[in-house]
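For reference, query-v4.cif is printed below; it contains mmCIF, C-alpha atoms.
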data_final
#
loop_
_atom_site.group_PDB
_atom_site.id
_atom_site.type_symbol
_atom_site.label_atom_id
_atom_site.label_comp_id
_atom_site.auth_asym_id
_atom_site.auth_seq_id
_atom_site.Cartn_x
_atom_site.Cartn_y
_atom_site.Cartn_z
ATOM 1 C CA MET A 748 86.793 125.149 159.876
ATOM 2 C CA LEU A 749 85.990 126.492 163.336
ATOM 3 C CA LYS A 750 88.431 128.726 165.189
ATOM 4 C CA GLU A 751 88.392 130.236 168.648
ATOM 5 C CA TYR A 752 86.351 133.427 168.757
ATOM 6 C CA PRO A 753 88.610 136.278 169.962
ATOM 7 C CA TYR A 754 85.813 138.697 170.820
ATOM 8 C CA LYS A 755 83.951 136.882 173.599
ATOM 9 C CA SER A 756 84.122 139.786 176.058
ATOM 10 C CA GLN A 757 83.041 142.224 173.376
ATOM 11 C CA GLY A 758 80.081 140.033 172.468
ATOM 12 C CA LEU A 759 79.043 139.812 176.121
ATOM 13 C CA VAL A 760 79.077 143.600 176.461
ATOM 14 C CA LEU A 761 76.935 143.929 173.337
ATOM 15 C CA ILE A 762 74.415 141.440 174.728
ATOM 16 C CA LEU A 763 74.291 143.280 178.058
ATOM 17 C CA SER A 764 73.871 146.612 176.293
ATOM 18 C CA THR A 765 71.027 145.151 174.240
ATOM 19 C CA LEU A 766 69.307 143.807 177.343
ATOM 20 C CA LEU A 767 69.701 147.187 179.046
ATOM 21 C CA SER A 768 68.087 148.937 176.079
ATOM 22 C CA ILE A 769 65.173 146.514 176.070
ATOM 23 C CA GLY A 770 64.845 146.912 179.839
ATOM 24 C CA ILE A 771 64.582 150.709 179.556
ATOM 25 C CA TYR A 772 61.996 150.268 176.822
ATOM 26 C CA LEU A 773 59.918 147.976 179.049
ATOM 27 C CA VAL A 774 60.110 150.543 181.872
ATOM 28 C CA ARG A 775 58.720 153.168 179.493
ATOM 29 C CA VAL A 776 55.961 150.818 178.327
ATOM 30 C CA GLU A 777 54.976 150.202 181.955
ATOM 31 C CA HIS A 778 55.114 153.910 182.788
ATOM 32 C CA ALA A 779 53.320 155.261 179.705
ATOM 33 C CA ASN A 780 51.114 152.257 178.941
ATOM 34 C CA GLN A 781 51.955 152.579 175.230
ATOM 35 C CA PHE A 782 54.311 151.000 172.689
ATOM 36 C CA TYR A 783 55.278 154.133 170.764
ATOM 37 C CA PHE A 784 59.017 153.336 170.599
ATOM 38 C CA ALA A 785 58.566 149.699 169.545
ATOM 39 C CA PHE A 786 60.360 150.508 166.262
ATOM 40 C CA LEU A 787 63.595 150.767 168.266
ATOM 41 C CA ILE A 788 63.396 147.033 169.002
ATOM 42 C CA TRP A 789 63.107 146.277 165.291
ATOM 43 C CA ASN A 790 65.925 148.670 164.391
ATOM 44 C CA LEU A 791 68.192 147.070 166.974
ATOM 45 C CA PHE A 792 67.376 143.611 165.612
ATOM 46 C CA LEU A 793 68.486 144.809 162.168
ATOM 47 C CA ALA A 794 71.667 146.235 163.729
ATOM 48 C CA TRP A 795 72.553 142.766 165.031
ATOM 49 C CA ILE A 796 72.479 141.193 161.550
ATOM 50 C CA PRO A 797 75.846 142.554 160.262
ATOM 51 C CA TYR A 798 77.498 141.665 163.569
ATOM 52 C CA ILE A 799 76.212 138.089 163.337
ATOM 53 C CA ILE A 800 77.479 137.821 159.743
ATOM 54 C CA SER A 801 80.975 139.141 160.531
ATOM 55 C CA THR A 802 81.157 136.917 163.603
ATOM 56 C CA ALA A 803 80.254 133.881 161.500
ATOM 57 C CA LEU A 804 83.019 134.728 159.019
ATOM 58 C CA VAL A 805 85.549 134.868 161.858
ATOM 59 C CA VAL A 806 84.341 131.822 163.787
ATOM 60 C CA PHE A 807 84.014 129.568 160.745
ATOM 61 C CA ASN A 808 87.145 131.035 159.140
ATOM 62 C CA VAL A 809 85.431 131.080 155.753
ATOM 63 C CA GLN A 810 87.820 130.408 152.875
ATOM 64 C CA LYS A 811 85.553 129.763 149.888
ATOM 65 C CA ARG A 812 85.430 132.938 147.832
ATOM 66 C CA TRP A 813 81.800 132.685 146.749
ATOM 67 C CA ILE A 814 80.637 132.275 150.345
ATOM 68 C CA MET A 815 82.914 135.095 151.475
ATOM 69 C CA TRP A 816 81.629 137.537 148.837
ATOM 70 C CA ALA A 817 78.000 136.548 149.327
ATOM 71 C CA ALA A 818 78.349 137.087 153.077
ATOM 72 C CA PHE A 819 80.165 140.392 152.509
ATOM 73 C CA CYS A 820 77.423 141.736 150.213
ATOM 74 C CA LEU A 821 74.730 140.753 152.712
ATOM 75 C CA TRP A 822 76.771 142.294 155.529
ATOM 76 C CA LEU A 823 77.217 145.557 153.610
ATOM 77 C CA LEU A 824 73.523 145.680 152.798
ATOM 78 C CA PHE A 825 72.567 145.605 156.496
ATOM 79 C CA LEU A 826 75.525 147.516 157.983
ATOM 80 C CA PRO A 827 73.876 150.992 157.785
ATOM 81 C CA ASN A 828 71.132 149.728 160.096
ATOM 82 C CA SER A 829 73.614 149.851 162.994
ATOM 83 C CA PRO A 830 74.412 153.594 163.070
ATOM 84 C CA TYR A 831 70.980 154.413 161.620
ATOM 85 C CA ILE A 832 69.491 154.270 165.127
ATOM 86 C CA ILE A 833 71.368 157.484 165.951
ATOM 87 C CA THR A 834 68.994 159.302 163.613
ATOM 88 C CA ASP A 835 66.061 158.104 165.704
ATOM 89 C CA TYR A 836 66.779 161.168 167.843
ATOM 90 C CA PHE A 837 64.491 162.798 165.273
ATOM 91 C CA HIS A 838 61.642 161.258 167.269
ATOM 92 C CA LEU A 839 62.739 162.913 170.514
ATOM 93 C CA LYS A 840 60.388 165.612 171.798
ATOM 94 C CA PRO A 841 58.497 166.332 175.023
ATOM 95 C CA ARG A 842 55.521 164.022 175.491
ATOM 96 C CA SER A 843 52.951 163.879 178.251
ATOM 97 C CA ALA A 844 53.066 160.071 178.408
ATOM 98 C CA ALA A 845 56.608 159.894 179.800
ATOM 99 C CA PRO A 846 59.325 162.198 181.190
ATOM 100 C CA PHE A 847 61.595 163.732 178.564
ATOM 101 C CA TRP A 848 64.672 162.330 180.324
ATOM 102 C CA LEU A 849 63.289 158.802 180.031
ATOM 103 C CA ASP A 850 62.779 159.116 176.285
ATOM 104 C CA LEU A 851 66.238 160.660 175.957
ATOM 105 C CA THR A 852 67.816 157.776 177.876
ATOM 106 C CA LEU A 853 65.814 155.243 175.886
ATOM 107 C CA ILE A 854 66.882 156.487 172.455
ATOM 108 C CA SER A 855 70.470 157.026 173.648
ATOM 109 C CA SER A 856 70.706 153.448 174.876
ATOM 110 C CA PHE A 857 69.466 152.009 171.585
ATOM 111 C CA ALA A 858 71.593 154.391 169.509
ATOM 112 C CA TRP A 859 74.708 153.568 171.533
ATOM 113 C CA THR A 860 74.125 149.827 171.263
ATOM 114 C CA GLY A 861 73.483 150.049 167.531
ATOM 115 C CA LEU A 862 76.636 152.093 166.974
ATOM 116 C CA LEU A 863 78.707 149.642 169.033
ATOM 117 C CA LEU A 864 77.354 146.737 167.002
ATOM 118 C CA GLY A 865 78.336 148.460 163.768
ATOM 119 C CA LEU A 866 81.830 149.395 164.947
ATOM 120 C CA ALA A 867 82.481 145.936 166.374
ATOM 121 C CA SER A 868 81.269 144.290 163.184
ATOM 122 C CA LEU A 869 83.474 146.535 161.056
ATOM 123 C CA GLN A 870 86.459 145.772 163.287
ATOM 124 C CA GLN A 871 85.952 142.062 162.681
ATOM 125 C CA MET A 872 85.579 142.641 158.950
ATOM 126 C CA GLN A 873 88.736 144.740 158.836
ATOM 127 C CA GLU A 874 90.708 141.959 160.508
ATOM 128 C CA TYR A 875 89.188 139.509 158.035
ATOM 129 C CA MET A 876 90.218 141.762 155.104
ATOM 130 C CA PHE A 877 93.694 142.332 156.521
ATOM 131 C CA HIS A 878 94.608 138.646 156.643
ATOM 132 C CA ARG A 879 93.463 138.170 153.043
ATOM 133 C CA MET A 880 94.217 141.480 151.326
ATOM 134 C CA GLY A 881 96.845 143.243 153.418
ATOM 135 C CA LYS A 882 97.161 146.438 155.434
ATOM 136 C CA ALA A 883 96.543 149.039 152.712
ATOM 137 C CA VAL A 884 93.428 147.406 151.286
ATOM 138 C CA SER A 885 91.965 146.768 154.727
ATOM 139 C CA TRP A 886 92.353 150.409 155.761
ATOM 140 C CA LEU A 887 91.224 151.938 152.474
ATOM 141 C CA GLY A 888 88.328 149.497 152.407
ATOM 142 C CA THR A 889 87.351 150.363 155.974
ATOM 143 C CA LEU A 890 87.330 154.113 155.303
ATOM 144 C CA ALA A 891 85.311 153.620 152.126
ATOM 145 C CA LEU A 892 82.851 151.369 153.960
ATOM 146 C CA LEU A 893 82.280 154.006 156.655
ATOM 147 C CA PHE A 894 81.259 156.607 154.068
ATOM 148 C CA LEU A 895 79.161 154.055 152.168
ATOM 149 C CA CYS A 896 77.496 153.283 155.479
ATOM 150 C CA SER A 897 76.815 156.990 155.971
ATOM 151 C CA PHE A 898 75.222 157.182 152.529
ATOM 152 C CA GLY A 899 73.137 154.127 153.416
ATOM 153 C CA VAL A 900 71.900 155.888 156.558
ATOM 154 C CA TYR A 901 70.909 158.859 154.395
ATOM 155 C CA LEU A 902 68.946 156.561 152.082
ATOM 156 C CA GLY A 903 67.123 155.088 155.058
ATOM 157 C CA ARG A 904 66.353 158.263 156.980
ATOM 158 C CA PHE A 905 65.638 160.791 154.231
ATOM 159 C CA GLU A 906 64.794 158.685 151.164
ATOM 160 C CA ARG A 907 62.933 156.120 153.317
ATOM 161 C CA TRP A 908 64.505 152.992 151.799
ATOM 162 C CA ASN A 909 64.998 149.722 153.679
ATOM 163 C CA SER A 910 67.743 147.106 153.257
ATOM 164 C CA TRP A 911 65.327 144.566 151.781
ATOM 165 C CA ASP A 912 64.142 147.019 149.113
ATOM 166 C CA LEU A 913 67.163 145.930 147.088
ATOM 167 C CA MET A 914 65.377 142.595 146.648
ATOM 168 C CA THR A 915 61.768 143.806 146.489
ATOM 169 C CA ARG A 916 62.148 147.115 144.597
ATOM 170 C CA PRO A 917 65.630 147.029 143.025
ATOM 171 C CA ASP A 918 64.846 149.177 139.981
ATOM 172 C CA ALA A 919 63.409 152.083 141.946
ATOM 173 C CA LEU A 920 66.150 151.932 144.597
ATOM 174 C CA LEU A 921 69.021 151.782 142.103
ATOM 175 C CA GLN A 922 67.479 154.604 140.085
ATOM 176 C CA ASN A 923 67.242 156.760 143.212
ATOM 177 C CA ILE A 924 70.854 155.969 144.133
ATOM 178 C CA ALA A 925 72.045 156.817 140.625
ATOM 179 C CA GLU A 926 70.225 160.164 140.724
ATOM 180 C CA LEU A 927 71.747 161.047 144.100
ATOM 181 C CA ILE A 928 75.263 160.124 142.923
ATOM 182 C CA LEU A 929 75.040 161.808 139.519
ATOM 183 C CA HIS A 930 73.191 164.882 140.784
ATOM 184 C CA PRO A 931 73.980 165.227 144.497
ATOM 185 C CA ASP A 932 72.443 168.144 146.352
ATOM 186 C CA LYS A 933 73.970 169.908 149.354
ATOM 187 C CA HIS A 934 71.784 167.972 151.769
ATOM 188 C CA THR A 935 72.854 164.551 150.461
ATOM 189 C CA LEU A 936 76.527 165.440 150.174
ATOM 190 C CA GLY A 937 76.647 167.310 153.464
ATOM 191 C CA PHE A 938 75.018 164.544 155.480
ATOM 192 C CA THR A 939 77.105 161.791 153.873
ATOM 193 C CA LEU A 940 80.393 163.598 154.486
ATOM 194 C CA ALA A 941 79.560 164.866 157.986
ATOM 195 C CA PHE A 942 78.054 161.628 159.287
ATOM 196 C CA GLY A 943 80.788 159.636 157.536
ATOM 197 C CA ALA A 944 83.469 161.722 159.254
ATOM 198 C CA PHE A 945 81.722 161.102 162.573
ATOM 199 C CA LEU A 946 81.778 157.342 161.918
ATOM 200 C CA VAL A 947 85.478 157.461 161.014
ATOM 201 C CA VAL A 948 86.361 159.220 164.284
ATOM 202 C CA ALA A 949 84.100 156.874 166.241
ATOM 203 C CA TYR A 950 85.730 153.848 164.638
ATOM 204 C CA LEU A 951 89.258 155.091 165.317
ATOM 205 C CA ALA A 952 88.340 155.749 168.953
ATOM 206 C CA PHE A 953 86.765 152.303 169.184
ATOM 207 C CA ALA A 954 89.611 150.376 167.511
ATOM 208 C CA LEU A 955 92.645 152.443 168.586
ATOM 209 C CA ARG A 956 93.473 150.294 171.611
ATOM 210 C CA GLU A 957 93.351 147.121 169.507
ATOM 211 C CA LEU A 958 95.561 148.681 166.846
ATOM 212 C CA LYS A 959 98.109 149.948 169.380
ATOM 213 C CA ALA A 960 98.184 146.473 170.890
ATOM 214 C CA ASN A 961 99.240 145.269 167.416
ATOM 215 C CA ARG A 962 96.371 142.799 167.250
ATOM 216 C CA TYR A 963 96.318 142.995 163.460
ATOM 217 C CA GLN A 964 100.111 142.945 163.108
ATOM 218 C CA TYR A 965 100.088 146.255 161.254
ATOM 219 C CA THR A 966 103.650 147.155 162.140
#
Structure translated into structure tokens:
Amino acid sequence: MLKEYPYKSQGLVLILSTLLSIGIYLVRVEHANQFYFAFLIWNLFLAWIPYIISTALVVFNVQKRWIMWAAFCLWLLFLPNSPYIITDYFHLKPRSAAPFWLDLTLISSFAWTGLLLGLASLQQMQEYMFHRMGKAVSWLGTLALLFLCSFGVYLGRFERWNSWDLMTRPDALLQNIAELILHPDKHTLGFTLAFGAFLVVAYLAFALRELKANRYQYT
């Protein structure tokens, strides 16, 4: 059952931000005559996947539970790819091929777009949860998802896992996750909590206007 999509303006901004990021990348390619930061294009493509899934849930107003849960699991699997691009600042350093400010602007543009995609997707998912599970579950679920997302970013950046490894190498991935949960070190715990707290604040800043406008009928 199709319904009117309430986030048309938001989607347009995300498309424009994506095009801007790609445009800056093409400027760097032309200037440096190299494709060093091509991985940013791939990372941004992965960041779009959870947004497309959450948008489909809203637009098609999915009611069948098995479809809803299958879509949710796939969405959760790819969600960490959105804020993951922030950690691509690890690749930032002075290079002779291009000005430092250009590389800084390039990574910032991709990181900002990826973060926006993740926050917008989570906002749609929270609204979806609210109408089916209520205020408390939607908020507790959202906070839990933000810290799960942070842990997912840790797995990608420091443990070097990808979203599709759950299908191709499930045993090794699940064993690694179990070890990190049962025997967390300061690095794992510190990053997960710190980056998770950052995502919580970012999400509240992103969604506060919508919540004050009573879009979700929380009062």
Would you please work out which residue, of A:Val948, A:Val760, A:Met872, A:Leu921, is nearest to Ile799 in chain A when using all atoms listed in the file?
A:Met872
The PyMOL selection byres ((chain A and resi 807-814) around 12) on the file shown: which residues, as a PyMOL selection string?
chain A and resi 748-752+799-806+815-822+871-872+874-876+878-879
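Residue nearest Leu940 in chain A within the list A:Leu895, A:Leu927, A:Leu866, A:Ala952: A:Leu895 [criterion: smallest interatomic distance, only C-alpha atoms].
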Between A:Ala844, A:Ala867, A:Val776, A:Ile924, which has the minimum distance to Phe898 in chain A (counting only C-alpha atoms)?
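Answer, going by the shortest atom-to-atom distance: A:Ile924.
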Could you tell me how far CA of Lys933 in chain A sits from CA of Trp859 in chain A, in Å to one decimal place?
27.6 Å
Neighbouring residues of Tyr772 in chain A were defined as those with any atom within 9 Å, considering all atoms listed in the file; residues of the same chain fewer than 2 positions away were excluded. Please report them as a list of chain:residue names.
A:Leu767, A:Ser768, A:Ile769, A:Gly770, A:Val774, A:Arg775, A:Val776, A:Glu777, A:Phe782, A:Phe784, A:Ala785, A:Leu787, A:Ile788, A:Asp850, A:Leu853
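Minimum distance to His838 in chain A across A:Gln781, A:Leu887, A:Phe786, A:Leu913 (counting all atoms listed in the file) occurs at A:Phe786.
Across A:Arg916, A:Leu946, A:Trp908, A:Ser829, the tightest approach to Leu862 in chain A is made by A:Ser829 when counting only C-alpha atoms.
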For the structure provided, state which residues fall under the PyMOL selection byres ((chain A and resi 938) around 12), and present them as a VMD selection string.
chain A and resid 834 894 to 902 904 to 905 931 to 937 939 to 946
With distances taken over all atoms listed in the file, which of A:Leu826, A:Ile771, A:Val884, A:Leu893 is nearest to Ile796 in chain A?
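Nearest to Ile796 in chain A: A:Leu826.
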Step by step, work through what the PyMOL selection byres ((chain A and resi 870) around 12) selects in the shown file, and finish by giving those residues as number ranges by chain.
A: 753-754, 757, 797-798, 801-802, 805, 863-869, 871-877, 885-886, 888-890, 892-893, 947, 949-958, 962-963
For those residues, write C-alpha atoms to a file as a PDB file, in the frame of the given file.
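The resulting file, selection-v2.pdb, is reproduced below:
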ATOM      1  CA  PRO A 753      88.610 136.278 169.962  1.00  0.00           C
ATOM      2  CA  TYR A 754      85.813 138.697 170.820  1.00  0.00           C
ATOM      3  CA  GLN A 757      83.041 142.224 173.376  1.00  0.00           C
ATOM      4  CA  PRO A 797      75.846 142.554 160.262  1.00  0.00           C
ATOM      5  CA  TYR A 798      77.498 141.665 163.569  1.00  0.00           C
ATOM      6  CA  SER A 801      80.975 139.141 160.531  1.00  0.00           C
ATOM      7  CA  THR A 802      81.157 136.917 163.603  1.00  0.00           C
ATOM      8  CA  VAL A 805      85.549 134.868 161.858  1.00  0.00           C
ATOM      9  CA  LEU A 863      78.707 149.642 169.033  1.00  0.00           C
ATOM     10  CA  LEU A 864      77.354 146.737 167.002  1.00  0.00           C
ATOM     11  CA  GLY A 865      78.336 148.460 163.768  1.00  0.00           C
ATOM     12  CA  LEU A 866      81.830 149.395 164.947  1.00  0.00           C
ATOM     13  CA  ALA A 867      82.481 145.936 166.374  1.00  0.00           C
ATOM     14  CA  SER A 868      81.269 144.290 163.184  1.00  0.00           C
ATOM     15  CA  LEU A 869      83.474 146.535 161.056  1.00  0.00           C
ATOM     16  CA  GLN A 871      85.952 142.062 162.681  1.00  0.00           C
ATOM     17  CA  MET A 872      85.579 142.641 158.950  1.00  0.00           C
ATOM     18  CA  GLN A 873      88.736 144.740 158.836  1.00  0.00           C
ATOM     19  CA  GLU A 874      90.708 141.959 160.508  1.00  0.00           C
ATOM     20  CA  TYR A 875      89.188 139.509 158.035  1.00  0.00           C
ATOM     21  CA  MET A 876      90.218 141.762 155.104  1.00  0.00           C
ATOM     22  CA  PHE A 877      93.694 142.332 156.521  1.00  0.00           C
ATOM     23  CA  SER A 885      91.965 146.768 154.727  1.00  0.00           C
ATOM     24  CA  TRP A 886      92.353 150.409 155.761  1.00  0.00           C
ATOM     25  CA  GLY A 888      88.328 149.497 152.407  1.00  0.00           C
ATOM     26  CA  THR A 889      87.351 150.363 155.974  1.00  0.00           C
ATOM     27  CA  LEU A 890      87.330 154.113 155.303  1.00  0.00           C
ATOM     28  CA  LEU A 892      82.851 151.369 153.960  1.00  0.00           C
ATOM     29  CA  LEU A 893      82.280 154.006 156.655  1.00  0.00           C
ATOM     30  CA  VAL A 947      85.478 157.461 161.014  1.00  0.00           C
ATOM     31  CA  ALA A 949      84.100 156.874 166.241  1.00  0.00           C
ATOM     32  CA  TYR A 950      85.730 153.848 164.638  1.00  0.00           C
ATOM     33  CA  LEU A 951      89.258 155.091 165.317  1.00  0.00           C
ATOM     34  CA  ALA A 952      88.340 155.749 168.953  1.00  0.00           C
ATOM     35  CA  PHE A 953      86.765 152.303 169.184  1.00  0.00           C
ATOM     36  CA  ALA A 954      89.611 150.376 167.511  1.00  0.00           C
ATOM     37  CA  LEU A 955      92.645 152.443 168.586  1.00  0.00           C
ATOM     38  CA  ARG A 956      93.473 150.294 171.611  1.00  0.00           C
ATOM     39  CA  GLU A 957      93.351 147.121 169.507  1.00  0.00           C
ATOM     40  CA  LEU A 958      95.561 148.681 166.846  1.00  0.00           C
ATOM     41  CA  ARG A 962      96.371 142.799 167.250  1.00  0.00           C
ATOM     42  CA  TYR A 963      96.318 142.995 163.460  1.00  0.00           C
TER      43      TYR A 963
END
Could you jot down the CA of Ala794 in chain A to CA of Gly861 in chain A separation for me, Å, one decimal place?
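Computing it gives 5.7 Å between the two atoms.
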